[in-house]
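A.B. asks: Got a structure for you, model28.txt, holding compact mmCIF, C-alpha atoms.
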```
# COMPACT_ATOMS: atom_id res chain seq x y z
CA MET A 1 39.91 -22.75 25.80
CA ASP A 2 37.61 -23.30 28.79
CA LEU A 3 33.93 -23.12 27.77
CA SER A 4 33.03 -20.74 30.62
CA VAL A 5 35.81 -18.35 29.60
CA ARG A 6 34.61 -18.45 25.99
CA ASN A 7 31.01 -17.77 27.08
CA LYS A 8 32.15 -14.80 29.17
CA ARG A 9 33.99 -13.36 26.19
CA VAL A 10 30.94 -13.79 23.99
CA VAL A 11 28.77 -12.02 26.57
CA ILE A 12 31.27 -9.18 26.93
CA ALA A 13 31.57 -8.80 23.15
CA GLY A 14 27.77 -8.83 22.76
CA SER A 15 27.36 -6.24 25.52
CA CYS A 16 29.94 -3.97 23.90
CA CYS A 17 28.15 -4.25 20.55
CA LEU A 18 24.84 -3.42 22.23
CA VAL A 19 26.31 -0.35 23.95
CA ILE A 20 27.84 0.84 20.66
CA VAL A 21 24.51 0.41 18.85
CA VAL A 22 22.59 2.29 21.58
CA LEU A 23 25.10 5.15 21.61
CA GLY A 24 24.99 5.19 17.82
CA GLU A 25 21.19 5.46 17.90
CA ILE A 26 21.32 8.33 20.40
CA TYR A 27 23.79 10.19 18.21
CA THR A 28 21.89 9.38 15.01
CA PHE A 29 18.56 10.70 16.27
CA SER A 30 20.24 13.99 17.18
CA ARG A 31 21.08 14.52 13.50
CA ASN A 32 18.97 15.48 10.46
CA HIS A 33 16.63 13.09 8.72
CA GLU A 34 19.06 12.25 5.92
CA THR A 35 21.66 11.13 8.44
CA ARG A 36 19.01 9.14 10.31
CA ALA A 37 17.91 7.41 7.11
CA ARG A 38 21.50 6.49 6.21
CA ALA A 39 22.15 5.20 9.73
CA PHE A 40 18.95 3.16 9.69
CA ARG A 41 20.00 1.51 6.45
CA ALA A 42 23.46 0.85 7.85
CA HIS A 43 21.94 -0.83 10.91
CA PHE A 44 19.70 -2.86 8.61
CA VAL A 45 22.73 -4.00 6.61
CA ILE A 46 24.45 -5.13 9.81
CA LEU A 47 21.35 -7.04 10.94
CA VAL A 48 20.95 -8.69 7.51
CA GLU A 49 24.62 -9.69 7.40
CA ILE A 50 24.41 -11.25 10.87
CA ILE A 51 21.35 -13.30 9.85
CA LEU A 52 22.99 -14.30 6.56
CA TYR A 53 26.15 -15.33 8.41
CA PHE A 54 24.26 -17.95 10.41
CA ILE A 55 22.36 -19.14 7.33
CA SER A 56 25.62 -19.38 5.37
CA LYS A 57 27.30 -21.28 8.18
CA PHE A 58 24.40 -23.72 8.31
CA ILE A 59 24.58 -24.29 4.55
CA TRP A 60 28.38 -24.63 4.55
CA ASN A 61 28.33 -27.22 7.32
CA ASN A 62 25.76 -29.28 5.45
CA LEU A 63 27.27 -29.11 1.96
CA ILE A 64 31.01 -29.32 2.63
CA HIS A 65 32.25 -32.48 4.34
CA ILE A 66 35.26 -32.29 6.65
CA LYS A 67 38.45 -33.47 4.97
CA GLU A 68 39.87 -36.75 6.16
CA LYS A 69 42.25 -35.88 8.96
CA HIS A 70 44.33 -39.06 8.70
CA ILE A 71 45.71 -38.00 5.30
CA ILE A 72 48.96 -36.22 6.16
CA GLU A 73 51.66 -37.26 3.73
CA PRO A 74 50.98 -36.68 0.01
CA GLU A 75 52.66 -39.99 -0.94
CA VAL A 76 50.08 -42.02 1.01
CA VAL A 77 47.14 -40.40 -0.79
CA SER A 78 45.51 -42.74 -3.30
CA ASP A 79 44.34 -41.55 -6.69
CA HIS A 80 40.75 -41.87 -5.58
CA GLN A 81 41.38 -39.81 -2.43
CA ALA A 82 43.29 -37.17 -4.42
CA HIS A 83 40.37 -36.88 -6.85
CA ARG A 84 37.94 -36.48 -3.96
CA LEU A 85 40.10 -33.78 -2.36
CA LYS A 86 40.34 -31.84 -5.63
CA TRP A 87 36.59 -32.09 -6.13
CA GLN A 88 35.93 -30.93 -2.57
CA THR A 89 38.33 -27.99 -2.94
CA ALA A 90 36.58 -26.94 -6.16
CA MET A 91 33.20 -27.17 -4.42
CA GLU A 92 34.49 -25.07 -1.55
CA TRP A 93 35.58 -22.32 -3.96
CA ILE A 94 32.26 -22.41 -5.80
CA LEU A 95 30.39 -22.18 -2.51
CA LEU A 96 32.60 -19.30 -1.33
CA ILE A 97 31.93 -17.31 -4.51
CA TYR A 98 28.21 -18.00 -4.23
CA ILE A 99 28.13 -16.96 -0.56
CA GLY A 100 30.09 -13.83 -1.47
CA LEU A 101 27.35 -12.91 -3.98
CA VAL A 102 24.71 -13.47 -1.32
CA HIS A 103 26.44 -11.20 1.19
CA THR A 104 26.93 -8.36 -1.33
CA SER A 105 23.31 -8.39 -2.58
CA TYR A 106 21.92 -5.65 -0.34
CA LEU A 107 24.99 -3.47 -0.90
CA THR A 108 23.91 -3.06 -4.53
CA ASN A 109 21.11 -0.81 -3.20
CA PHE A 110 23.78 1.81 -2.57
CA PHE A 111 25.76 1.59 -5.81
CA LEU A 112 23.93 -0.14 -8.66
CA MET A 113 20.73 1.76 -9.38
CA GLY A 114 19.71 3.38 -12.63
CA ARG A 115 17.24 3.28 -15.49
CA GLU A 116 17.39 -0.52 -15.68
CA PRO A 117 18.51 -3.26 -13.27
CA HIS A 118 22.24 -3.98 -13.18
CA TRP A 119 23.30 -7.53 -14.12
CA PHE A 120 25.39 -7.92 -10.97
CA ALA A 121 22.51 -6.82 -8.74
CA MET A 122 20.19 -9.32 -10.45
CA LEU A 123 22.78 -12.08 -10.01
CA ALA A 124 23.47 -11.26 -6.36
CA TYR A 125 19.79 -10.97 -5.40
CA SER A 126 18.97 -14.19 -7.29
CA ALA A 127 21.72 -15.89 -5.26
CA LEU A 128 20.09 -14.50 -2.11
CA GLY A 129 16.75 -16.01 -3.13
CA PHE A 130 18.46 -19.36 -3.78
CA HIS A 131 20.16 -19.04 -0.36
CA PHE A 132 16.82 -18.82 1.43
CA GLN A 133 15.40 -21.76 -0.52
CA LEU A 134 18.49 -23.91 0.07
CA ALA A 135 18.45 -23.22 3.81
CA THR A 136 14.71 -23.96 3.84
CA GLY A 137 15.17 -27.23 1.98
CA LEU A 138 17.97 -28.36 4.30
CA GLY A 139 16.00 -27.37 7.38
CA ILE A 140 12.83 -29.19 6.32
CA LEU A 141 14.71 -32.34 5.33
CA LYS A 142 16.59 -32.40 8.64
CA LEU A 143 13.37 -32.00 10.59
CA PHE A 144 11.85 -34.79 8.51
CA GLN A 145 14.83 -37.03 9.31
CA VAL A 146 14.53 -36.33 13.02
CA ALA A 147 10.81 -37.14 12.89
CA LEU A 148 11.45 -40.43 11.08
CA ARG A 149 14.18 -41.41 13.54
CA PHE A 150 11.92 -40.55 16.43
CA ILE A 151 9.10 -42.71 15.05
CA LYS A 152 11.49 -45.58 14.28
CA TYR A 153 13.22 -45.69 17.64
CA ARG A 154 10.05 -44.96 19.55
CA SER A 155 8.37 -47.95 17.92
CA ASN A 156 11.34 -50.15 18.86
CA ASN A 157 11.48 -48.79 22.40
CA LEU A 158 14.93 -47.40 21.69
CA ALA A 159 14.34 -43.75 22.35
CA ASP A 160 17.93 -43.29 23.49
CA GLY A 161 19.07 -43.99 19.96
CA LEU A 162 17.42 -40.77 18.81
CA ILE A 163 20.17 -38.85 20.51
CA CYS A 164 23.06 -41.26 20.30
CA ARG A 165 22.82 -42.65 16.79
CA PRO A 166 24.70 -40.43 14.31
CA VAL A 167 23.50 -39.65 10.80
CA ASP A 168 25.78 -41.46 8.30
CA LYS A 169 27.61 -39.70 5.47
CA VAL A 170 25.37 -41.25 2.82
CA SER A 171 22.32 -39.78 4.51
CA LYS A 172 24.02 -36.35 4.72
CA ARG A 173 24.95 -36.50 1.04
CA ARG A 174 21.43 -37.50 0.06
CA THR A 175 19.99 -34.65 2.13
CA ALA A 176 22.34 -32.15 0.50
CA ILE A 177 21.44 -33.34 -3.01
CA LEU A 178 17.70 -33.22 -2.36
CA ALA A 179 17.98 -29.73 -0.84
CA LEU A 180 19.97 -28.49 -3.84
CA VAL A 181 17.42 -29.92 -6.28
CA TYR A 182 14.56 -28.28 -4.35
CA ALA A 183 16.40 -24.94 -4.17
CA PHE A 184 17.17 -24.91 -7.91
CA LEU A 185 13.60 -25.80 -8.89
CA ALA A 186 11.96 -23.42 -6.39
CA THR A 187 14.25 -20.53 -7.28
CA ALA A 188 13.84 -21.05 -11.04
CA PHE A 189 10.04 -21.14 -10.68
CA GLY A 190 10.05 -18.10 -8.39
CA ILE A 191 12.25 -16.08 -10.77
CA TYR A 192 9.99 -17.05 -13.69
CA LYS A 193 6.90 -15.85 -11.80
CA ALA A 194 8.58 -12.57 -10.83
CA ALA A 195 9.53 -11.91 -14.46
CA GLN A 196 5.90 -11.94 -15.63
CA ILE A 197 3.64 -8.91 -16.03
CA PRO A 198 1.53 -8.60 -12.86
CA GLU A 199 -1.95 -10.07 -13.08
CA VAL A 200 -4.99 -7.79 -12.91
CA LYS A 201 -6.96 -8.70 -9.81
CA LYS A 202 -10.58 -7.53 -9.93
CA VAL A 203 -12.31 -6.78 -6.64
CA MET A 204 -15.84 -5.53 -5.92
CA ILE A 205 -16.16 -3.50 -2.72
CA PRO A 206 -19.44 -2.23 -1.22
CA ILE A 207 -19.42 1.35 0.10
CA GLN A 208 -22.02 2.82 2.43
CA ASP A 209 -23.86 5.97 1.18
CA LEU A 210 -22.23 5.74 -2.24
CA GLN A 211 -24.13 7.92 -4.71
CA ARG A 212 -25.46 6.45 -7.95
CA SER A 213 -23.02 8.59 -9.92
CA TRP A 214 -20.17 6.55 -8.37
CA GLU A 215 -21.76 3.15 -8.96
CA GLY A 216 -19.28 1.02 -10.90
CA ALA A 217 -16.43 3.51 -10.55
CA ARG A 218 -13.00 1.86 -10.83
CA ILE A 219 -9.92 2.55 -8.74
CA VAL A 220 -6.68 0.99 -9.97
CA GLN A 221 -4.18 0.39 -7.19
CA ILE A 222 -0.48 -0.33 -7.60
CA SER A 223 1.85 -0.79 -4.68
CA ASP A 224 5.38 -1.87 -3.74
CA ILE A 225 7.05 -1.47 -7.13
CA HIS A 226 10.47 -0.93 -5.50
CA LEU A 227 12.30 0.71 -8.36
CA GLY A 228 15.95 0.03 -7.58
CA PRO A 229 18.69 -2.49 -8.26
CA THR A 230 16.36 -5.21 -9.66
CA VAL A 231 13.32 -3.29 -10.97
CA GLY A 232 13.60 -0.60 -13.63
CA TRP A 233 12.05 1.38 -16.49
CA THR A 234 10.99 -1.59 -18.63
CA LYS A 235 8.89 -3.25 -15.94
CA LEU A 236 7.27 0.03 -14.85
CA ASN A 237 6.49 0.89 -18.47
CA ALA A 238 4.69 -2.45 -18.91
CA ILE A 239 2.72 -1.79 -15.71
CA VAL A 240 1.64 1.62 -17.02
CA ASP A 241 0.42 0.00 -20.25
CA VAL A 242 -1.82 -2.33 -18.22
CA ILE A 243 -3.14 0.54 -16.06
CA ASN A 244 -4.13 2.62 -19.09
CA SER A 245 -5.81 -0.37 -20.75
CA LEU A 246 -8.17 -0.56 -17.75
CA ARG A 247 -9.36 3.05 -18.31
CA PRO A 248 -9.51 3.80 -14.56
CA ASP A 249 -11.44 6.57 -12.85
CA ILE A 250 -8.76 6.94 -10.16
CA VAL A 251 -5.21 5.58 -9.90
CA VAL A 252 -3.47 5.21 -6.54
CA VAL A 253 0.06 4.24 -5.54
CA THR A 254 0.12 2.97 -1.96
CA GLY A 255 3.81 3.40 -1.18
CA ASP A 256 7.23 1.84 -1.74
CA LEU A 257 7.55 3.12 -5.28
CA VAL A 258 11.33 3.60 -5.00
CA ASP A 259 14.34 2.22 -3.16
CA GLY A 260 16.79 5.00 -3.95
CA SER A 261 17.27 8.73 -4.39
CA MET A 262 15.64 10.77 -7.14
CA ARG A 263 19.06 11.47 -8.64
CA LEU A 264 19.60 7.76 -9.28
CA LEU A 265 16.08 6.75 -10.32
CA GLU A 266 14.49 9.74 -12.07
CA ASP A 267 14.83 8.01 -15.47
CA ALA A 268 13.45 4.72 -14.18
CA VAL A 269 10.30 6.40 -12.82
CA SER A 270 9.51 8.40 -15.99
CA PRO A 271 6.81 6.00 -17.37
CA LEU A 272 4.45 7.29 -14.68
CA THR A 273 3.97 10.45 -16.75
CA ARG A 274 1.86 8.34 -19.13
CA VAL A 275 -0.68 7.21 -16.51
CA ARG A 276 -4.17 8.42 -17.43
CA SER A 277 -7.26 8.45 -15.24
CA LYS A 278 -10.57 10.28 -15.17
CA TYR A 279 -10.42 11.95 -11.75
CA GLY A 280 -6.76 11.93 -10.77
CA ASN A 281 -3.71 9.99 -9.67
CA PHE A 282 -2.74 9.86 -6.00
CA PHE A 283 0.29 8.73 -4.00
CA VAL A 284 1.17 8.01 -0.38
CA THR A 285 4.59 7.26 1.05
CA GLY A 286 5.76 3.84 2.12
CA ASN A 287 8.56 3.01 4.54
CA HIS A 288 11.10 2.71 1.72
CA GLU A 289 10.55 6.30 0.57
CA TYR A 290 11.79 7.36 4.01
CA TYR A 291 14.71 4.94 3.93
CA THR A 292 15.98 6.75 0.82
CA GLY A 293 16.41 9.97 2.83
CA ASP A 294 15.08 11.82 -0.23
CA VAL A 295 11.32 11.71 0.27
CA ASP A 296 10.71 15.46 -0.07
CA ASN A 297 12.35 15.57 -3.49
CA TRP A 298 10.31 12.56 -4.53
CA LEU A 299 7.04 14.23 -3.48
CA ILE A 300 7.91 17.30 -5.55
CA LYS A 301 8.85 15.11 -8.50
CA LEU A 302 5.62 13.14 -8.27
CA GLU A 303 3.34 16.17 -8.09
CA TYR A 304 4.95 18.54 -10.58
CA GLU A 305 6.51 16.18 -13.13
CA LEU A 306 4.87 12.76 -12.89
CA GLY A 307 1.24 13.80 -12.42
CA PHE A 308 0.56 12.16 -9.05
CA LYS A 309 -0.92 14.15 -6.18
CA PRO A 310 0.84 13.19 -2.90
CA LEU A 311 -1.62 12.82 -0.04
CA HIS A 312 0.73 13.98 2.71
CA ASN A 313 -1.61 13.57 5.70
CA SER A 314 -4.23 15.29 3.59
CA ASN A 315 -7.28 14.62 1.45
CA VAL A 316 -9.05 15.69 -1.72
CA LYS A 317 -12.77 15.80 -2.45
CA VAL A 318 -13.51 14.01 -5.72
CA ILE A 319 -16.73 14.89 -7.54
CA PRO A 320 -18.02 12.76 -10.44
CA GLU A 321 -18.67 14.35 -13.81
CA GLU A 322 -22.33 13.34 -13.73
CA GLY A 323 -22.93 14.60 -10.19
CA ASP A 324 -22.51 17.64 -7.98
CA GLU A 325 -20.81 18.47 -4.68
CA SER A 326 -23.31 16.35 -2.75
CA ASP A 327 -21.92 13.29 -4.56
CA GLU A 328 -18.32 13.78 -3.42
CA ILE A 329 -16.13 11.13 -1.92
CA CYS A 330 -13.15 11.99 0.27
CA VAL A 331 -9.89 10.39 -0.84
CA ALA A 332 -7.35 10.74 1.97
CA GLY A 333 -3.80 9.56 2.59
CA THR A 334 -1.39 9.28 5.50
CA ASP A 335 2.39 9.30 5.73
CA ASP A 336 3.89 5.93 6.47
CA ILE A 337 4.23 5.03 10.14
CA ASP A 338 8.00 4.59 9.77
CA ALA A 339 8.31 8.36 9.33
CA ASP A 340 7.75 8.52 13.10
CA LEU A 341 10.37 5.82 13.69
CA LEU A 342 12.95 7.87 11.80
CA GLY A 343 11.83 11.16 13.33
CA TYR A 344 11.52 12.55 9.79
CA THR A 345 11.04 16.32 10.02
CA GLY A 346 7.69 17.46 8.63
CA HIS A 347 6.40 13.92 8.27
CA GLY A 348 4.59 11.41 10.44
CA PHE A 349 1.51 9.24 10.62
CA ASN A 350 -1.22 11.81 11.30
CA ILE A 351 -4.81 10.52 11.20
CA ASN A 352 -6.28 13.85 12.26
CA GLY A 353 -4.44 15.74 9.52
CA ALA A 354 -5.64 13.29 6.89
CA LEU A 355 -9.30 12.98 7.93
CA HIS A 356 -10.46 15.96 9.99
CA SER A 357 -11.84 17.84 6.98
CA CYS A 358 -13.68 14.86 5.46
CA ASP A 359 -17.49 14.99 5.66
CA ASP A 360 -18.56 12.09 7.85
CA THR A 361 -21.83 11.75 5.92
CA LYS A 362 -19.94 10.97 2.69
CA PRO A 363 -17.79 7.95 1.76
CA VAL A 364 -14.15 8.11 2.84
CA ILE A 365 -11.38 6.13 1.15
CA VAL A 366 -7.94 6.22 2.77
CA LEU A 367 -4.56 5.27 1.35
CA ALA A 368 -2.12 3.97 3.97
CA HIS A 369 0.91 1.85 3.17
CA GLN A 370 1.09 -0.55 6.12
CA PRO A 371 -1.68 -2.80 7.47
CA LYS A 372 -0.82 -1.63 11.00
CA ALA A 373 -1.70 1.90 9.90
CA ALA A 374 -4.93 0.58 8.38
CA LYS A 375 -5.94 -0.92 11.71
CA ALA A 376 -5.23 2.36 13.52
CA LEU A 377 -7.37 4.23 10.98
CA LEU A 378 -10.29 1.84 11.41
CA GLN A 379 -10.10 2.18 15.19
CA SER A 380 -10.02 6.00 15.06
CA GLN A 381 -12.93 8.35 15.71
CA TYR A 382 -13.28 9.16 12.02
CA ARG A 383 -15.41 7.58 9.37
CA VAL A 384 -13.39 5.25 7.14
CA ASP A 385 -15.18 3.16 4.54
CA LEU A 386 -12.19 1.66 2.76
CA VAL A 387 -8.46 1.51 3.41
CA LEU A 388 -6.12 0.60 0.56
CA ALA A 389 -2.76 -0.73 1.76
CA GLY A 390 0.22 -2.78 0.64
CA HIS A 391 3.59 -3.44 2.32
CA THR A 392 3.27 -7.19 2.98
CA HIS A 393 3.95 -8.44 -0.60
CA GLY A 394 1.86 -11.41 0.47
CA GLY A 395 5.10 -12.57 2.07
CA GLN A 396 6.80 -12.57 -1.39
CA PHE A 397 8.29 -16.04 -1.03
CA PHE A 398 8.30 -19.10 1.20
CA PRO A 399 9.17 -19.35 4.09
CA VAL A 400 9.33 -15.57 4.72
CA LEU A 401 5.58 -15.35 4.15
CA ILE A 402 4.97 -17.20 7.44
CA GLY A 403 6.63 -14.46 9.49
CA VAL A 404 4.96 -11.70 7.46
CA TYR A 405 1.57 -13.30 8.05
CA LEU A 406 2.14 -13.45 11.81
CA VAL A 407 3.26 -9.83 12.32
CA ASN A 408 0.59 -8.03 10.27
CA PRO A 409 -3.05 -7.52 11.30
CA PHE A 410 -4.08 -7.82 7.62
CA PHE A 411 -2.01 -9.97 5.28
CA SER A 412 -3.40 -9.84 1.74
CA GLY A 413 -6.69 -9.43 -0.07
CA LEU A 414 -10.02 -8.06 1.12
CA TYR A 415 -11.08 -7.85 4.77
CA GLN A 416 -14.31 -6.62 6.32
CA TYR A 417 -14.01 -4.63 9.53
CA GLY A 418 -17.47 -3.79 10.81
CA ARG A 419 -19.06 -1.74 8.03
CA SER A 420 -15.64 -0.86 6.65
CA HIS A 421 -13.22 -2.73 4.40
CA VAL A 422 -9.47 -3.08 4.02
CA TYR A 423 -7.77 -4.20 0.86
CA VAL A 424 -4.10 -5.21 1.10
CA SER A 425 -2.28 -5.52 -2.21
CA THR A 426 0.29 -8.30 -2.53
CA GLY A 427 2.48 -5.82 -4.42
CA THR A 428 2.94 -4.97 -8.07
CA GLN A 429 6.59 -6.03 -8.15
CA TYR A 430 8.96 -7.23 -5.41
CA TRP A 431 11.65 -6.00 -3.06
CA GLY A 432 15.20 -6.84 -4.06
CA VAL A 433 15.03 -10.62 -4.54
CA PRO A 434 13.44 -11.24 -7.99
CA LEU A 435 11.46 -14.14 -6.60
CA ARG A 436 7.77 -14.91 -6.10
CA LEU A 437 6.98 -18.22 -4.42
CA GLY A 438 3.66 -18.71 -2.67
CA SER A 439 2.51 -15.20 -3.59
CA SER A 440 1.64 -13.27 -6.73
CA MET A 441 2.14 -9.78 -8.12
CA GLU A 442 -0.95 -7.73 -8.82
CA ILE A 443 -2.42 -4.61 -10.35
CA THR A 444 -5.71 -4.23 -8.50
CA GLU A 445 -8.88 -3.01 -10.20
CA ILE A 446 -11.34 -2.08 -7.47
CA THR A 447 -14.93 -1.51 -8.51
CA LEU A 448 -17.12 0.45 -6.10
CA HIS A 449 -20.78 -0.35 -5.65
CA ARG A 450 -23.50 0.74 -3.26
CA ALA A 451 -23.75 -1.29 -0.07
CA THR A 452 -27.13 -2.73 0.75
CA GLU A 453 -28.33 -2.43 4.31
```
What is this structure when it is put down as structure tokens?
C.D. replies:
Amino acid sequence: MDLSVRNKRVVIAGSCCLVIVVLGEIYTFSRNHETRARAFRAHFVILVEIILYFISKFIWNNLIHIKEKHIIEPEVVSDHQAHRLKWQTAMEWILLIYIGLVHTSYLTNFFLMGREPHWFAMLAYSALGFHFQLATGLGILKLFQVALRFIKYRSNNLADGLICRPVDKVSKRRTAILALVYAFLATAFGIYKAAQIPEVKKVMIPIQDLQRSWEGARIVQISDIHLGPTVGWTKLNAIVDVINSLRPDIVVVTGDLVDGSMRLLEDAVSPLTRVRSKYGNFFVTGNHEYYTGDVDNWLIKLEYELGFKPLHNSNVKVIPEEGDESDEICVAGTDDIDADLLGYTGHGFNINGALHSCDDTKPVIVLAHQPKAAKALLQSQYRVDLVLAGHTHGGQFFPVLIGVYLVNPFFSGLYQYGRSHVYVSTGTQYWGVPLRLGSSMEITEITLHRATE
């Protein structure tokens, strides 16, 4: 087929897909929030599958060698060639099954959720983690090869050879083997790290105008637990044990607690009823609560059964036992910014609603899931002494962490912003892929102390 004709067909097909998506979005946003949430997840699945298709194609082309075309008649095939063909066919089937697992991983979010992770979901998401590491290994090795060839031919004044000289089969095989070894080791290490109990990260944060009765008060923050196909009751129960051992004054959950509906995950979330703190437990929504399409039921469940007060663009005044009303701090929380993206009825990122009733002469601590929301809060007209956020997972694993770092104004850890501070948790668990590589899971113990002028 003529290349120009093929390109025209690709453009026409792409344009048709774009028109269908746009019309679908227009229709979707005319429906209720549950329909919008389902449609958003469907669009996300399509996007993920497209990305995975290109990654899978890249991996396939680098691991499976093209069969020898000159072998036509079975009688002319030598024993050695027949053995090679059988081995290659077996490898192709193994690779197909593995790629099939990768492409079904996200679909387990719709069907395989319950009290504990399902074995198939764990297997499929582990394959997805391996997929990213294998593609990364192949990509880095190929770039390294290009760099070496460039240096070699440049030094010999044979720059044309960089383009013309092909990479031999031995080099391709060696690259594939090295990439597979890297992927196996990286994935095994990442899965091991993700299986551990999150570390307790201790942070001291100075607060302006903090009363002596609050000196040394401890806030325990958990974030991004993502109860769903690969995180369940057992892991959350262990997290609760750690929280209670810290004897916190306040406990906060800064979003992305769940990845599914209350009907599917109400058993998995039950350990939260055991959380104990001196002055209260608080919760704000993350983007994934809205993706479930069931956020209102979750807020009711959290407040009336699990013992967590949702800060739904609202605040509470917390007074220490040893003090009086003049010693209060305002603990506020905002809905996640993706509530606006989904047009979720009764929800939205509302700074005024969260902060307008806070006393601007007293310390203000705000819970907001995404770092972008934290930046908007700090740039608002209201007093904000500390924002507690999550969302980034510290990138979760290499090389995704590079992109996450680039698109967020705050990535992980403690930041000073004028006289204010932002703390971004790297997450208490993980999303989907049970892998931590280049990042860690944390339960954060934040100790407040009086800021010195």
A.B. asks: I need the residue nearest A:Gly114 from this list: A:Ile55, A:Val258, A:Leu63, A:Leu85. Use only C-alpha atoms for the distance.
C.D. replies: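 Checking each candidate against A:Gly114, we get A:Val258 as the closest.
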A.B. asks: What does the structure give for the distance between atom CA of A:Leu367 and atom CA of A:Asn350, in Å to one decimal?
C.D. replies: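 Result for atom CA of A:Leu367 versus atom CA of A:Asn350: 12.4 Å, one decimal.
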A.B. asks: For the atom pair atom CA of A:Leu138 and atom CA of A:Met441, what is the interatomic distance in Å to one decimal place?
C.D. replies: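 Separation of atom CA of A:Leu138 and atom CA of A:Met441: 27.4 Å.
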A.B. asks: In Å to one decimal, how far is atom CA of A:Ala194 from atom CA of A:Glu442?
C.D. replies: 10.9 Å
A.B. asks: Give me the residues within 8 Å of A:Leu355 as a list of chain:residue names, counting all atoms listed in the file and dropping any in the same chain fewer than 4 places off.
C.D. replies: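 The residues that qualify are A:Ser314, A:Asn315, A:Ala332, A:Ile351, A:Tyr382.
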A.B. asks: From the options A:Ala217, A:Leu264, A:Asn61, A:Thr230, which residue's atoms come nearest to A:Tyr125, counting all atoms listed in the file?
C.D. replies: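 Once distances to A:Tyr125 are computed over all atoms listed in the file, the minimum belongs to A:Thr230.
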A.B. asks: Counting all atoms listed in the file, which residue out of A:Leu101, A:Ile191, A:Ile205, A:Leu148 sits closest to A:Arg450?
C.D. replies: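 Ranking A:Leu101, A:Ile191, A:Ile205, A:Leu148 by distance to A:Arg450, first place goes to A:Ile205.
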A.B. asks: My list of candidates is A:Gly395, A:Val387, A:Lys372, A:Asn237. Which is closest to A:Asn408 when distances are computed with only C-alpha atoms?
C.D. replies: A:Lys372
A.B. asks: Excluding A:Leu246 and its own-chain neighbours fewer than 3 positions away, which residues fall within 12 Å of it when counting only C-alpha atoms? Please give them as a PyMOL selection string.
C.D. replies: chain A and resi 200-202+217-221+239-243+249-251+275-278+443-447
A.B. asks: Excluding same-chain residues fewer than 6 positions from A:Ala135, what lies within 12 Å of it counting all atoms listed in the file, as number ranges by chain?
C.D. replies: A: 51-63, 128-129, 141-142, 175-176, 178-180, 182-184, 398-400
A.B. asks: Mind dumping the selected residues with C-alpha atoms as a PDB file, in the frame of the given file?
C.D. replies:
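The result, stored in selection-v6.pdb:
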```
ATOM      1  CA  ILE A  51      21.350 -13.300   9.850  1.00  0.00           C
ATOM      2  CA  LEU A  52      22.990 -14.300   6.560  1.00  0.00           C
ATOM      3  CA  TYR A  53      26.150 -15.330   8.410  1.00  0.00           C
ATOM      4  CA  PHE A  54      24.260 -17.950  10.410  1.00  0.00           C
ATOM      5  CA  ILE A  55      22.360 -19.140   7.330  1.00  0.00           C
ATOM      6  CA  SER A  56      25.620 -19.380   5.370  1.00  0.00           C
ATOM      7  CA  LYS A  57      27.300 -21.280   8.180  1.00  0.00           C
ATOM      8  CA  PHE A  58      24.400 -23.720   8.310  1.00  0.00           C
ATOM      9  CA  ILE A  59      24.580 -24.290   4.550  1.00  0.00           C
ATOM     10  CA  TRP A  60      28.380 -24.630   4.550  1.00  0.00           C
ATOM     11  CA  ASN A  61      28.330 -27.220   7.320  1.00  0.00           C
ATOM     12  CA  ASN A  62      25.760 -29.280   5.450  1.00  0.00           C
ATOM     13  CA  LEU A  63      27.270 -29.110   1.960  1.00  0.00           C
ATOM     14  CA  LEU A 128      20.090 -14.500  -2.110  1.00  0.00           C
ATOM     15  CA  GLY A 129      16.750 -16.010  -3.130  1.00  0.00           C
ATOM     16  CA  LEU A 141      14.710 -32.340   5.330  1.00  0.00           C
ATOM     17  CA  LYS A 142      16.590 -32.400   8.640  1.00  0.00           C
ATOM     18  CA  THR A 175      19.990 -34.650   2.130  1.00  0.00           C
ATOM     19  CA  ALA A 176      22.340 -32.150   0.500  1.00  0.00           C
ATOM     20  CA  LEU A 178      17.700 -33.220  -2.360  1.00  0.00           C
ATOM     21  CA  ALA A 179      17.980 -29.730  -0.840  1.00  0.00           C
ATOM     22  CA  LEU A 180      19.970 -28.490  -3.840  1.00  0.00           C
ATOM     23  CA  TYR A 182      14.560 -28.280  -4.350  1.00  0.00           C
ATOM     24  CA  ALA A 183      16.400 -24.940  -4.170  1.00  0.00           C
ATOM     25  CA  PHE A 184      17.170 -24.910  -7.910  1.00  0.00           C
ATOM     26  CA  PHE A 398       8.300 -19.100   1.200  1.00  0.00           C
ATOM     27  CA  PRO A 399       9.170 -19.350   4.090  1.00  0.00           C
ATOM     28  CA  VAL A 400       9.330 -15.570   4.720  1.00  0.00           C
TER      29      VAL A 400
END
```
A.B. asks: Identify which of the residues A:Gly280, A:Pro198, A:Gly348, A:Gly232 lies closest to A:Ala373, counting all atoms listed in the file when measuring atom-to-atom distances.
C.D. replies: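 Of the candidates, the smallest distance to A:Ala373 is held by A:Gly348.
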A.B. asks: Which is closest to A:His226 among A:Val284, A:Leu299, A:Leu257, A:Ile319, if we use all atoms listed in the file?
C.D. replies: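 Of all the options, A:Leu257 lies closest to A:His226.
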A.B. asks: Would you list the contacts of stretch 411-428 of chain A as a PyMOL selection string, taking every protein, DNA or RNA residue within 8 Å and counting all atoms listed in the file, but skipping same-chain residues closer than 3 positions in sequence?
C.D. replies: chain A and resi 198+205+207-208+221-225+371+374+378+384-396+404-405+408+439-444
A.B. asks: Which residues are close to A:Ile97, i.e. within 12 Å by all atoms listed in the file, leaving aside same-chain residues fewer than 4 positions away? Reply as a list in words.
C.D. replies: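 Neighbouring residues, sequence-local ones excluded: Ser56, Ala90, Met91, Glu92, Trp93, Leu101, Val102, His103, Thr104, Leu123, Ala124 and Ala127 of chain A.
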